[in-house]
file my_file.txt (compact mmCIF, C-alpha atoms)
# COMPACT_ATOMS: atom_id res chain seq x y z
CA MET A 1 2.05 -8.44 -49.01
CA LEU A 2 5.35 -7.59 -50.69
CA GLU A 3 8.49 -8.85 -48.97
CA ARG A 4 9.80 -5.31 -48.33
CA ASP A 5 6.50 -4.51 -46.60
CA ARG A 6 6.97 -7.49 -44.26
CA ARG A 7 10.38 -6.39 -43.05
CA PRO A 8 9.15 -3.73 -40.55
CA GLN A 9 6.65 -6.22 -39.15
CA ALA A 10 9.27 -8.93 -38.68
CA LEU A 11 11.69 -6.45 -37.11
CA PHE A 12 8.98 -5.09 -34.81
CA PHE A 13 8.29 -8.56 -33.44
CA ARG A 14 11.98 -9.35 -33.05
CA ILE A 15 12.42 -6.23 -30.95
CA LEU A 16 9.42 -6.98 -28.72
CA ASP A 17 10.56 -10.57 -28.25
CA ARG A 18 13.89 -9.20 -27.06
CA ALA A 19 12.59 -6.30 -24.94
CA VAL A 20 9.30 -7.45 -23.37
CA ALA A 21 10.23 -9.79 -20.56
CA ASP A 22 7.32 -9.56 -18.12
CA THR A 23 4.31 -10.45 -20.28
CA ARG A 24 3.11 -11.20 -23.81
CA ILE A 25 1.17 -9.13 -26.33
CA GLN A 26 -1.05 -10.68 -28.97
CA PHE A 27 -1.24 -9.11 -32.44
CA LEU A 28 -3.93 -9.89 -35.00
CA VAL A 29 -2.70 -9.01 -38.49
CA ASN A 30 -4.47 -9.87 -41.75
CA GLY A 31 -6.15 -12.93 -40.28
CA SER A 32 -3.02 -14.25 -38.58
CA VAL A 33 -2.22 -14.24 -34.87
CA ARG A 34 1.22 -13.58 -33.43
CA SER A 35 2.24 -13.17 -29.79
CA ALA A 36 5.26 -11.06 -28.87
CA GLY A 37 7.32 -11.02 -25.70
CA ARG A 38 8.83 -13.74 -23.57
CA GLY A 39 7.06 -13.23 -20.27
CA PRO A 40 4.88 -15.74 -18.43
CA ALA A 41 1.47 -16.53 -19.84
CA ALA A 42 -1.35 -14.34 -18.60
CA ALA A 43 -5.09 -14.80 -18.45
CA GLY A 44 -6.78 -14.71 -21.84
CA PRO A 45 -6.50 -16.45 -25.20
CA GLU A 46 -2.99 -17.72 -25.92
CA GLY A 47 -1.83 -16.36 -22.57
CA CYS A 48 -2.07 -12.69 -23.59
CA ALA A 49 -4.15 -10.29 -21.51
CA VAL A 50 -3.58 -7.53 -24.10
CA ALA A 51 -4.38 -7.99 -27.77
CA VAL A 52 -3.91 -5.52 -30.63
CA ARG A 53 -5.75 -5.65 -33.94
CA VAL A 54 -3.61 -4.12 -36.69
CA ARG A 55 -5.87 -2.55 -39.32
CA ASN A 56 -3.09 -1.21 -41.53
CA PRO A 57 0.35 -2.88 -41.70
CA ARG A 58 2.02 0.53 -42.02
CA PHE A 59 1.60 0.61 -38.24
CA PHE A 60 4.82 -1.38 -37.86
CA ALA A 61 6.95 1.02 -39.91
CA ARG A 62 5.46 4.04 -38.17
CA ALA A 63 6.11 2.60 -34.71
CA LEU A 64 9.67 1.60 -35.62
CA GLY A 65 10.50 4.85 -37.34
CA TYR A 66 9.03 7.37 -34.93
CA GLY A 67 8.50 5.65 -31.59
CA ASN A 68 5.62 6.98 -29.52
CA LEU A 69 4.89 9.70 -32.07
CA GLY A 70 4.48 7.05 -34.76
CA MET A 71 2.34 4.92 -32.44
CA GLY A 72 0.16 7.89 -31.58
CA GLU A 73 -0.36 8.94 -35.17
CA ALA A 74 -1.09 5.35 -36.15
CA PHE A 75 -3.77 5.24 -33.43
CA MET A 76 -5.20 8.59 -34.59
CA ASP A 77 -5.48 7.22 -38.13
CA GLY A 78 -7.08 3.96 -37.03
CA ASP A 79 -4.10 1.80 -38.06
CA PHE A 80 -4.61 -0.25 -34.91
CA GLU A 81 -7.11 -0.71 -32.12
CA MET A 82 -7.33 -2.67 -28.92
CA GLU A 83 -8.96 -6.06 -29.31
CA ARG A 84 -8.54 -6.96 -25.65
CA GLY A 85 -7.26 -4.98 -22.69
CA SER A 86 -6.74 -1.22 -22.71
CA LEU A 87 -4.50 1.10 -24.65
CA HIS A 88 -2.85 2.40 -21.49
CA GLU A 89 -2.00 -1.19 -20.50
CA LEU A 90 -0.29 -1.69 -23.87
CA LEU A 91 1.66 1.58 -23.52
CA ALA A 92 2.73 0.68 -19.99
CA ILE A 93 4.08 -2.65 -21.22
CA LEU A 94 6.10 -0.90 -23.92
CA LEU A 95 7.39 1.69 -21.45
CA ARG A 96 8.50 -0.97 -18.99
CA ALA A 97 10.22 -2.85 -21.80
CA GLY A 98 12.59 0.04 -22.48
CA VAL A 99 12.97 -0.76 -26.17
CA GLU A 100 15.79 1.72 -26.78
CA ASP A 101 17.81 0.21 -23.93
CA ALA A 102 17.19 -3.27 -25.31
CA LEU A 103 18.53 -2.16 -28.70
CA LYS A 104 21.77 -1.01 -27.09
CA HIS A 105 22.48 -4.62 -26.19
CA ASP A 106 21.79 -6.00 -29.65
CA ALA A 107 23.87 -4.31 -32.33
CA ARG A 108 22.14 -6.13 -35.19
CA LEU A 109 18.66 -5.02 -34.09
CA ALA A 110 19.89 -1.48 -33.50
CA PHE A 111 21.38 -1.36 -36.99
CA ALA A 112 18.16 -2.71 -38.54
CA VAL A 113 16.09 -0.04 -36.77
CA ALA A 114 18.53 2.67 -37.89
CA VAL A 115 18.18 1.49 -41.49
CA THR A 116 14.36 1.57 -41.21
CA ARG A 117 14.43 5.09 -39.82
CA LEU A 118 16.82 6.27 -42.50
CA ARG A 119 14.64 4.71 -45.20
CA ASN A 120 11.59 6.54 -43.82
CA LEU A 121 13.54 9.79 -43.74
CA LEU A 122 14.71 9.44 -47.34
CA ARG A 123 11.20 8.60 -48.52
CA GLY A 124 9.75 11.53 -46.61
CA GLU A 125 7.39 9.16 -44.82
CA ARG A 126 6.21 11.47 -42.10
CA GLY A 127 2.71 11.50 -40.68
CA ASN A 128 -0.02 13.28 -42.59
CA VAL A 129 -0.14 17.01 -42.04
CA ARG A 130 -2.75 17.62 -39.36
CA ARG A 131 -5.44 20.22 -39.37
CA HIS A 132 -5.28 22.85 -36.68
CA TYR A 133 -7.81 22.27 -33.93
CA ASP A 134 -9.27 25.34 -32.31
CA VAL A 135 -9.40 23.88 -28.80
CA GLY A 136 -11.99 25.69 -26.71
CA GLU A 137 -13.14 25.70 -23.11
CA ASP A 138 -15.89 23.24 -24.05
CA LEU A 139 -13.22 20.56 -24.43
CA PHE A 140 -11.88 21.10 -20.90
CA ASP A 141 -15.41 21.29 -19.54
CA SER A 142 -15.96 17.82 -20.97
CA PHE A 143 -13.37 16.08 -18.80
CA LEU A 144 -12.32 18.30 -15.87
CA ASP A 145 -13.95 18.44 -12.44
CA SER A 146 -16.29 21.17 -11.22
CA THR A 147 -13.34 23.44 -10.25
CA LEU A 148 -11.77 22.97 -13.72
CA THR A 149 -8.46 21.98 -12.13
CA TYR A 150 -6.10 20.70 -14.84
CA SER A 151 -3.38 19.10 -12.72
CA CYS A 152 -2.74 15.92 -10.78
CA GLY A 153 -5.25 15.19 -8.02
CA TYR A 154 -4.72 13.19 -4.85
CA ALA A 155 -6.40 9.84 -4.27
CA GLU A 156 -7.25 8.86 -0.72
CA SER A 157 -8.93 5.82 -2.26
CA PRO A 158 -8.71 4.28 -5.77
CA GLU A 159 -12.49 4.74 -5.96
CA ASP A 160 -12.36 8.53 -5.51
CA ASP A 161 -14.20 10.37 -8.26
CA LEU A 162 -12.67 13.36 -10.02
CA ASP A 163 -14.19 16.01 -7.77
CA ARG A 164 -12.94 14.18 -4.68
CA LEU A 165 -9.45 13.75 -6.18
CA GLN A 166 -9.11 17.47 -6.79
CA ALA A 167 -10.69 18.51 -3.49
CA ASN A 168 -8.21 16.22 -1.72
CA LYS A 169 -5.32 17.82 -3.61
CA LEU A 170 -6.41 21.41 -2.97
CA ASP A 171 -6.98 20.75 0.71
CA ARG A 172 -3.64 18.97 1.10
CA ILE A 173 -1.73 21.83 -0.55
CA CYS A 174 -3.43 24.33 1.77
CA ARG A 175 -2.50 22.24 4.80
CA LYS A 176 1.09 21.82 3.60
CA LEU A 177 1.31 25.60 3.33
CA ASP A 178 -0.21 25.84 6.82
CA LEU A 179 -2.68 28.43 5.56
CA ARG A 180 -4.38 30.47 8.27
CA SER A 181 -6.85 33.30 8.44
CA GLY A 182 -5.01 36.51 7.61
CA ASP A 183 -2.53 34.91 5.22
CA HIS A 184 -2.07 36.59 1.86
CA LEU A 185 -1.63 33.94 -0.86
CA LEU A 186 -0.05 34.36 -4.29
CA ASP A 187 -0.98 31.71 -6.89
CA ILE A 188 1.32 31.81 -9.95
CA GLY A 189 -0.51 30.14 -12.84
CA CYS A 190 -3.87 30.05 -11.08
CA GLY A 191 -5.95 28.71 -13.96
CA PHE A 192 -9.63 29.22 -13.16
CA GLY A 193 -8.83 30.15 -9.55
CA GLY A 194 -9.92 26.88 -7.94
CA LEU A 195 -7.12 26.80 -5.38
CA LEU A 196 -7.60 30.45 -4.42
CA ILE A 197 -11.34 29.94 -3.97
CA HIS A 198 -10.77 26.78 -1.91
CA ALA A 199 -8.19 28.56 0.28
CA ALA A 200 -10.42 31.59 0.83
CA GLU A 201 -13.53 29.57 1.69
CA ARG A 202 -11.92 26.83 3.78
CA PHE A 203 -8.94 28.60 5.35
CA GLY A 204 -9.98 32.26 5.49
CA VAL A 205 -7.12 33.68 3.43
CA SER A 206 -7.03 36.48 0.89
CA GLY A 207 -5.16 36.02 -2.34
CA ILE A 208 -4.26 36.99 -5.86
CA GLY A 209 -3.74 34.73 -8.86
CA PHE A 210 -1.88 35.29 -12.11
CA SER A 211 -2.83 33.60 -15.39
CA THR A 212 -1.89 34.34 -18.99
CA SER A 213 -5.20 32.97 -20.30
CA ARG A 214 -7.89 35.58 -20.77
CA SER A 215 -10.64 32.98 -20.80
CA HIS A 216 -9.36 31.48 -17.54
CA CYS A 217 -9.27 34.91 -15.95
CA SER A 218 -12.75 35.78 -17.15
CA ARG A 219 -14.34 32.57 -15.91
CA GLY A 220 -12.33 32.62 -12.71
CA ARG A 221 -13.42 36.18 -11.90
CA ALA A 222 -17.03 35.26 -12.59
CA GLU A 223 -16.80 32.32 -10.16
CA VAL A 224 -15.13 34.48 -7.52
CA ALA A 225 -17.99 36.98 -7.83
CA ARG A 226 -20.63 34.24 -7.77
CA ARG A 227 -19.24 32.97 -4.48
CA GLY A 228 -19.09 36.46 -2.97
CA LEU A 229 -15.31 36.44 -2.60
CA GLY A 230 -14.56 39.59 -4.59
CA ASP A 231 -13.25 41.40 -1.52
CA ARG A 232 -10.68 38.65 -0.79
CA VAL A 233 -9.71 37.03 -4.10
CA ARG A 234 -8.40 38.75 -7.24
CA ILE A 235 -7.35 37.16 -10.53
CA GLU A 236 -4.99 39.06 -12.81
CA CYS A 237 -4.49 38.30 -16.50
CA ALA A 238 -0.72 38.67 -16.43
CA ASP A 239 2.55 36.78 -16.65
CA PHE A 240 4.61 35.69 -13.64
CA ARG A 241 7.18 38.34 -14.59
CA GLU A 242 4.63 40.98 -13.60
CA VAL A 243 4.24 39.80 -10.00
CA ARG A 244 4.60 42.63 -7.50
CA GLY A 245 4.27 42.87 -3.74
CA ARG A 246 4.99 40.53 -0.81
CA TYR A 247 2.98 37.52 0.31
CA SER A 248 3.01 35.25 3.33
CA LYS A 249 2.42 32.20 1.13
CA VAL A 250 3.20 31.47 -2.53
CA VAL A 251 2.00 28.51 -4.59
CA SER A 252 2.34 27.37 -8.20
CA VAL A 253 0.52 24.28 -9.43
CA GLY A 254 0.97 22.79 -12.89
CA MET A 255 2.69 25.85 -14.28
CA MET A 256 6.46 25.33 -14.10
CA GLU A 257 6.34 22.63 -16.79
CA HIS A 258 5.31 25.40 -19.21
CA VAL A 259 8.12 27.76 -18.21
CA PRO A 260 11.00 27.69 -20.74
CA ARG A 261 14.24 26.45 -19.21
CA GLY A 262 15.88 29.73 -20.04
CA GLU A 263 13.38 31.43 -17.71
CA TYR A 264 13.93 29.17 -14.68
CA LYS A 265 16.27 31.67 -12.97
CA ARG A 266 13.74 34.46 -13.37
CA PHE A 267 10.90 32.21 -12.21
CA PHE A 268 12.66 31.37 -8.93
CA ARG A 269 13.81 34.97 -8.42
CA THR A 270 10.17 36.04 -8.75
CA ILE A 271 9.07 33.52 -6.12
CA ALA A 272 11.84 34.52 -3.72
CA GLY A 273 11.12 38.20 -4.21
CA ALA A 274 7.41 37.70 -3.55
CA LEU A 275 7.81 35.89 -0.22
CA GLU A 276 7.82 37.69 3.09
CA PRO A 277 10.84 37.02 5.36
CA CYS A 278 9.16 34.03 7.06
CA GLY A 279 7.00 33.11 4.07
CA VAL A 280 6.32 29.59 2.83
CA GLY A 281 5.82 28.34 -0.73
CA LEU A 282 4.89 25.18 -2.56
CA LEU A 283 5.74 24.18 -6.12
CA HIS A 284 3.70 21.41 -7.77
CA THR A 285 4.93 20.30 -11.18
CA ILE A 286 5.20 17.36 -13.52
CA GLY A 287 8.87 16.49 -13.50
CA CYS A 288 11.55 14.15 -14.75
CA ASN A 289 12.99 11.64 -12.27
CA TRP A 290 16.04 10.80 -14.36
CA PHE A 291 19.45 12.20 -15.29
CA ARG A 292 18.32 12.79 -18.90
CA ASN A 293 15.16 14.69 -19.73
CA ASP A 294 13.68 13.20 -22.90
CA HIS A 295 10.62 15.00 -24.22
CA ASP A 296 7.86 12.82 -25.60
CA PRO A 297 7.46 13.76 -29.28
CA PHE A 298 3.73 12.98 -29.39
CA ILE A 299 2.95 15.25 -26.43
CA GLN A 300 5.23 17.96 -27.82
CA LYS A 301 3.61 17.92 -31.25
CA TYR A 302 -0.07 17.54 -30.39
CA ILE A 303 -0.78 18.50 -26.79
CA PHE A 304 1.81 20.74 -25.08
CA PRO A 305 4.27 22.20 -27.62
CA GLY A 306 7.32 23.61 -25.90
CA SER A 307 6.54 22.05 -22.53
CA SER A 308 9.23 20.62 -20.29
CA GLN A 309 9.59 18.42 -17.23
CA PRO A 310 12.02 19.91 -14.70
CA ARG A 311 14.35 17.60 -12.81
CA LEU A 312 14.30 17.75 -9.05
CA SER A 313 17.92 18.92 -9.16
CA GLU A 314 16.87 21.93 -11.25
CA ILE A 315 14.15 22.82 -8.76
CA ALA A 316 16.53 22.41 -5.83
CA ARG A 317 19.15 24.56 -7.54
CA GLY A 318 16.61 27.31 -8.22
CA LEU A 319 15.48 27.36 -4.59
CA GLU A 320 18.97 27.13 -3.10
CA THR A 321 20.35 29.84 -5.36
CA ASN A 322 17.65 32.16 -4.05
CA ARG A 323 18.27 31.20 -0.41
CA LEU A 324 15.01 29.35 -0.05
CA ALA A 325 15.11 26.42 2.37
CA ILE A 326 13.64 23.12 1.16
CA VAL A 327 11.23 21.83 3.80
CA ASP A 328 9.69 18.77 2.15
CA VAL A 329 9.77 16.95 -1.18
CA GLU A 330 7.09 14.46 -2.25
CA ASN A 331 6.60 12.59 -5.50
CA ILE A 332 2.86 11.94 -5.94
CA LYS A 333 3.22 10.29 -9.36
CA PRO A 334 0.89 7.32 -8.58
CA HIS A 335 -1.96 9.80 -8.09
CA TYR A 336 -1.49 11.08 -11.64
CA GLY A 337 -2.61 7.73 -13.04
CA HIS A 338 -5.84 7.86 -11.04
CA THR A 339 -6.46 11.46 -12.12
CA VAL A 340 -5.91 10.92 -15.84
CA LEU A 341 -7.99 7.72 -15.79
CA ARG A 342 -10.91 9.78 -14.46
CA TRP A 343 -10.29 12.39 -17.18
CA LEU A 344 -10.37 9.67 -19.82
CA GLU A 345 -13.58 8.16 -18.46
CA ARG A 346 -15.32 11.53 -18.35
CA PHE A 347 -14.03 12.51 -21.80
CA ARG A 348 -15.46 9.31 -23.30
CA ASP A 349 -18.77 9.70 -21.46
CA ARG A 350 -19.24 13.27 -22.66
CA TRP A 351 -17.70 13.02 -26.11
CA ASP A 352 -21.03 13.05 -27.93
CA ALA A 353 -21.86 16.46 -26.45
CA LEU A 354 -18.90 18.11 -28.19
CA ASP A 355 -19.34 19.80 -31.56
CA PRO A 356 -18.30 17.27 -34.25
CA ALA A 357 -17.56 20.11 -36.65
CA ARG A 358 -14.78 21.26 -34.31
CA TYR A 359 -13.67 17.94 -32.85
CA ASP A 360 -13.67 15.06 -35.29
CA ALA A 361 -12.96 11.36 -34.74
CA THR A 362 -9.22 11.87 -35.29
CA PHE A 363 -9.18 14.51 -32.57
CA LYS A 364 -11.01 12.16 -30.20
CA ARG A 365 -8.44 9.42 -30.76
CA MET A 366 -5.62 11.94 -30.34
CA TRP A 367 -6.86 12.93 -26.88
CA GLU A 368 -7.58 9.34 -25.92
CA TYR A 369 -3.98 8.50 -26.81
CA TYR A 370 -2.73 11.46 -24.77
CA PHE A 371 -4.72 10.38 -21.71
CA CYS A 372 -3.51 6.79 -22.08
CA CYS A 373 0.09 8.02 -22.29
CA GLY A 374 -0.42 9.80 -18.97
CA ILE A 375 -1.91 6.76 -17.28
CA ALA A 376 0.93 4.55 -18.52
CA ALA A 377 3.59 7.08 -17.55
CA ALA A 378 2.30 7.14 -13.97
CA SER A 379 3.23 3.50 -13.49
CA ALA A 380 5.96 2.72 -16.00
CA SER A 381 8.09 5.79 -16.77
CA ASN A 382 10.68 8.06 -15.18
CA ALA A 383 8.13 10.87 -14.96
CA ALA A 384 7.30 12.41 -11.60
CA VAL A 385 4.84 14.81 -10.02
CA PHE A 386 6.83 16.79 -7.49
CA GLN A 387 5.43 18.79 -4.62
CA VAL A 388 8.26 20.82 -3.11
CA LEU A 389 7.59 22.80 0.06
CA PHE A 390 10.04 25.57 0.89
CA SER A 391 10.50 28.58 3.15
CA LYS A 392 12.20 31.97 3.12
CA SER A 393 13.37 31.20 6.67
CA HIS A 394 15.85 28.45 7.56
CA THR A 395 14.64 28.53 11.16
CA LEU A 396 10.98 27.84 10.38
CA PRO A 397 9.53 25.42 12.96
CA LEU A 398 8.91 22.14 11.13
CA ARG A 399 6.09 19.69 11.64
CA LEU A 400 6.99 16.36 13.14
CA HIS A 401 5.02 14.59 10.40
CA ARG A 402 4.20 15.35 6.77
CA VAL A 403 0.65 16.44 6.04

call {"tool": "encode", "arguments": {"input": "my_file.txt", "output": "structure tokens"}}
result
Amino acid sequence: MLERDRRPQALFFRILDRAVADTRIQFLVNGSVRSAGRGPAAAGPEGCAVAVRVRNPRFFARALGYGNLGMGEAFMDGDFEMERGSLHELLAILLRAGVEDALKHDARLAFAVAVTRLRNLLRGERGNVRRHYDVGEDLFDSFLDSTLTYSCGYAESPEDDLDRLQANKLDRICRKLDLRSGDHLLDIGCGFGGLLIHAAERFGVSGIGFSTSRSHCSRGRAEVARRGLGDRVRIECADFREVRGRYSKVVSVGMMEHVPRGEYKRFFRTIAGALEPCGVGLLHTIGCNWFRNDHDPFIQKYIFPGSSQPRLSEIARGLETNRLAIVDVENIKPHYGHTVLRWLERFRDRWDALDPARYDATFKRMWEYYFCCGIAAASASNAAVFQVLFSKSHTLPLRLHRV
């Protein structure tokens, strides 16, 4: 290997030795073995519970130059694989290490990384241009539960399967909203209508859901009809801006993270305008639990372009500005890790049933990396999953205990 090709590798290890303080990571590169980090020895060969086999040394330059995006693209291209331990364990270690913060305290390392990134920029060393994947409903069928709920579930036990996780979540949201027979429920961003169906069958409510996806609306309507709920549940293929009428209860699950920041004011005005004078609402969203909202470049490029993670302060401001009283705030982030782990397991189990002409090996690794990012973020990042309960009335009688 040429000396200039060794420089990113040497710098990569110097950074990990500085940043990783709680464990060690083993790297197998071209027949040699190198451990990184200065934490206590763990179970496994050479005291490393996690081991990475580097298939292509360009992995080091990609990781240094582009952070998680570079890591993700290197994984998609097979530049590295896990020899021992799991990918989400590796990503959690790197998240906990806070590499960028470590660089702030070492000017020489920070300068070396800046030089590497500049060199990559000048050379035009950006990841290969990716083909466009026509993602269909068959992909979501492969890893979601029977209600096709694509948001964080709720684990009453670490052993809960995916259907139980989502049933727990749906039931808990309904109980937080104190749904009762006769309530009229608005679901903004209803997906396939799973929450509306659950609320109608278990709590006797009527409701309407809004979704911008025609396929979601079509399948949701079919399921509503199959269950004989057509007289109580309606799904509209429309945007939240088209909401009309008043409702006793309003809910939005996994939708606000896809609302552009410039539309937050309108989003909260819509919610406030839809609630009856004593109405109650619940907002469930992936959020940012930090003063600075950094968007992950891998997720932005490959999974959710244009998505965002609202801060709790932004949610509170939107509710307060519209005279909505905050009743309860809960961060259920730990449950996200359990949910995404189940998605990953199901995705791997059912991968062979997907059409290889539409979803190739690179696509599979891309989604595996995405799932592993989610699992790691649930334990080692400033991400959050907020459930914010609110009311149109400031004199609403409050429960003595949270649901």

call {"tool": "closest_residue", "arguments": {"input": "my_file.txt", "among": "A:Ala41, A:Cys288, A:Met255, A:Met76", "to": "Arg365 of chain A", "atoms": "all atoms listed in the file"}}
result
A:Met76

call {"tool": "closest_residue", "arguments": {"input": "my_file.txt", "among": "A:Cys373, A:Tyr247, A:Ala97, A:Val233", "to": "Pro277 of chain A", "atoms": "all atoms listed in the file"}}
result
A:Tyr247

call {"tool": "atom_distance", "arguments": {"input": "my_file.txt", "atom1": "atom CA of Arg14 of chain A", "atom2": "atom CA of Ser86 of chain A"}}
result
22.9 Å

call {"tool": "residues_around", "arguments": {"input": "my_file.txt", "residues": "segment 271-273 of chain A", "least_positions_apart": "5", "cutoff": "12 Å", "atoms": "all atoms listed in the file", "output": "PDB file with C-alpha atoms, keeping the file's coordinate frame"}}
result
ATOM      1  CA  LEU A 185      -1.630  33.940  -0.860  1.00  0.00           C
ATOM      2  CA  LEU A 186      -0.050  34.360  -4.290  1.00  0.00           C
ATOM      3  CA  ASP A 187      -0.980  31.710  -6.890  1.00  0.00           C
ATOM      4  CA  ILE A 188       1.320  31.810  -9.950  1.00  0.00           C
ATOM      5  CA  PHE A 240       4.610  35.690 -13.640  1.00  0.00           C
ATOM      6  CA  ARG A 241       7.180  38.340 -14.590  1.00  0.00           C
ATOM      7  CA  GLU A 242       4.630  40.980 -13.600  1.00  0.00           C
ATOM      8  CA  VAL A 243       4.240  39.800 -10.000  1.00  0.00           C
ATOM      9  CA  ARG A 244       4.600  42.630  -7.500  1.00  0.00           C
ATOM     10  CA  GLY A 245       4.270  42.870  -3.740  1.00  0.00           C
ATOM     11  CA  ARG A 246       4.990  40.530  -0.810  1.00  0.00           C
ATOM     12  CA  TYR A 247       2.980  37.520   0.310  1.00  0.00           C
ATOM     13  CA  SER A 248       3.010  35.250   3.330  1.00  0.00           C
ATOM     14  CA  LYS A 249       2.420  32.200   1.130  1.00  0.00           C
ATOM     15  CA  VAL A 250       3.200  31.470  -2.530  1.00  0.00           C
ATOM     16  CA  VAL A 251       2.000  28.510  -4.590  1.00  0.00           C
ATOM     17  CA  SER A 252       2.340  27.370  -8.200  1.00  0.00           C
ATOM     18  CA  MET A 256       6.460  25.330 -14.100  1.00  0.00           C
ATOM     19  CA  TYR A 264      13.930  29.170 -14.680  1.00  0.00           C
ATOM     20  CA  LYS A 265      16.270  31.670 -12.970  1.00  0.00           C
ATOM     21  CA  ARG A 266      13.740  34.460 -13.370  1.00  0.00           C
ATOM     22  CA  CYS A 278       9.160  34.030   7.060  1.00  0.00           C
ATOM     23  CA  GLY A 279       7.000  33.110   4.070  1.00  0.00           C
ATOM     24  CA  VAL A 280       6.320  29.590   2.830  1.00  0.00           C
ATOM     25  CA  GLY A 281       5.820  28.340  -0.730  1.00  0.00           C
ATOM     26  CA  LEU A 282       4.890  25.180  -2.560  1.00  0.00           C
ATOM     27  CA  LEU A 283       5.740  24.180  -6.120  1.00  0.00           C
ATOM     28  CA  GLY A 318      16.610  27.310  -8.220  1.00  0.00           C
ATOM     29  CA  LEU A 319      15.480  27.360  -4.590  1.00  0.00           C
ATOM     30  CA  GLU A 320      18.970  27.130  -3.100  1.00  0.00           C
ATOM     31  CA  THR A 321      20.350  29.840  -5.360  1.00  0.00           C
ATOM     32  CA  ASN A 322      17.650  32.160  -4.050  1.00  0.00           C
ATOM     33  CA  ARG A 323      18.270  31.200  -0.410  1.00  0.00           C
ATOM     34  CA  LEU A 324      15.010  29.350  -0.050  1.00  0.00           C
ATOM     35  CA  ALA A 325      15.110  26.420   2.370  1.00  0.00           C
ATOM     36  CA  PHE A 390      10.040  25.570   0.890  1.00  0.00           C
ATOM     37  CA  SER A 391      10.500  28.580   3.150  1.00  0.00           C
ATOM     38  CA  LYS A 392      12.200  31.970   3.120  1.00  0.00           C
ATOM     39  CA  SER A 393      13.370  31.200   6.670  1.00  0.00           C
TER      40      SER A 393
END

call {"tool": "residues_around", "arguments": {"input": "my_file.txt", "residues": "Val29 of chain A", "least_positions_apart": "6", "cutoff": "9 Å", "atoms": "all atoms listed in the file", "output": "JSON, numbers by chain"}}
result
{"A": [52, 53, 54, 55, 56, 57]}

call {"tool": "atom_distance", "arguments": {"input": "my_file.txt", "atom1": "atom CA of Ala383 of chain A", "atom2": "atom CA of Trp290 of chain A"}}
result
7.9 Å

call {"tool": "residues_around", "arguments": {"input": "my_file.txt", "residues": "Phe143 of chain A", "least_positions_apart": "3", "cutoff": "6 Å", "atoms": "all atoms listed in the file", "output": "PDB file with C-alpha atoms, in the frame of the given file"}}
result
ATOM      1  CA  PHE A 140     -11.880  21.100 -20.900  1.00  0.00           C
ATOM      2  CA  TRP A 343     -10.290  12.390 -17.180  1.00  0.00           C
ATOM      3  CA  ARG A 346     -15.320  11.530 -18.350  1.00  0.00           C
ATOM      4  CA  PHE A 347     -14.030  12.510 -21.800  1.00  0.00           C
TER       5      PHE A 347
END

call {"tool": "atom_distance", "arguments": {"input": "my_file.txt", "atom1": "atom CA of Tyr302 of chain A", "atom2": "atom CA of Leu195 of chain A"}}
result
27.6 Å

call {"tool": "residues_near_point", "arguments": {"input": "my_file.txt", "point": "(-5.0, 37.3, -5.2)", "cutoff": "9 Å", "atoms": "only C-alpha atoms", "output": "mmCIF file with C-alpha atoms, in the frame of the given file"}}
result
data_model
loop_
_atom_site.group_PDB
_atom_site.id
_atom_site.type_symbol
_atom_site.label_atom_id
_atom_site.label_comp_id
_atom_site.auth_asym_id
_atom_site.auth_seq_id
_atom_site.Cartn_x
_atom_site.Cartn_y
_atom_site.Cartn_z
ATOM 1 C CA HIS A 184 -2.070 36.590 1.860
ATOM 2 C CA LEU A 185 -1.630 33.940 -0.860
ATOM 3 C CA LEU A 186 -0.050 34.360 -4.290
ATOM 4 C CA ASP A 187 -0.980 31.710 -6.890
ATOM 5 C CA LEU A 196 -7.600 30.450 -4.420
ATOM 6 C CA SER A 206 -7.030 36.480 0.890
ATOM 7 C CA GLY A 207 -5.160 36.020 -2.340
ATOM 8 C CA ILE A 208 -4.260 36.990 -5.860
ATOM 9 C CA GLY A 209 -3.740 34.730 -8.860
ATOM 10 C CA PHE A 210 -1.880 35.290 -12.110
ATOM 11 C CA ARG A 232 -10.680 38.650 -0.790
ATOM 12 C CA VAL A 233 -9.710 37.030 -4.100
ATOM 13 C CA ARG A 234 -8.400 38.750 -7.240
ATOM 14 C CA ILE A 235 -7.350 37.160 -10.530
ATOM 15 C CA GLU A 236 -4.990 39.060 -12.810
#

call {"tool": "residues_around", "arguments": {"input": "my_file.txt", "residues": "Ser157 of chain A", "least_positions_apart": "4", "cutoff": "12 Å", "atoms": "all atoms listed in the file", "output": "mmCIF file with C-alpha atoms, in the coordinates of the input"}}
result
data_model
loop_
_atom_site.group_PDB
_atom_site.id
_atom_site.type_symbol
_atom_site.label_atom_id
_atom_site.label_comp_id
_atom_site.auth_asym_id
_atom_site.auth_seq_id
_atom_site.Cartn_x
_atom_site.Cartn_y
_atom_site.Cartn_z
ATOM 1 C CA GLY A 153 -5.250 15.190 -8.020
ATOM 2 C CA ASP A 161 -14.200 10.370 -8.260
ATOM 3 C CA LEU A 162 -12.670 13.360 -10.020
ATOM 4 C CA ARG A 164 -12.940 14.180 -4.680
ATOM 5 C CA LEU A 165 -9.450 13.750 -6.180
ATOM 6 C CA ASN A 168 -8.210 16.220 -1.720
ATOM 7 C CA PRO A 334 0.890 7.320 -8.580
ATOM 8 C CA HIS A 335 -1.960 9.800 -8.090
ATOM 9 C CA HIS A 338 -5.840 7.860 -11.040
ATOM 10 C CA THR A 339 -6.460 11.460 -12.120
#

call {"tool": "decode", "arguments": {"input": "my_file.txt", "residues": "segment 264-269 of chain A", "atoms": "C-alpha atoms", "output": "short mmCIF file (atom, residue, chain, number, x, y, z; two decimals), in the first residue's frame"}}
result
data_model
loop_
_atom_site.label_atom_id
_atom_site.label_comp_id
_atom_site.auth_asym_id
_atom_site.auth_seq_id
_atom_site.Cartn_x
_atom_site.Cartn_y
_atom_site.Cartn_z
CA TYR A 264 -44.85 24.38 11.36
CA LYS A 265 -47.02 27.44 12.07
CA ARG A 266 -49.66 26.26 9.62
CA PHE A 267 -49.49 22.71 10.98
CA PHE A 268 -50.25 23.83 14.54
CA ARG A 269 -52.91 26.30 13.38
#
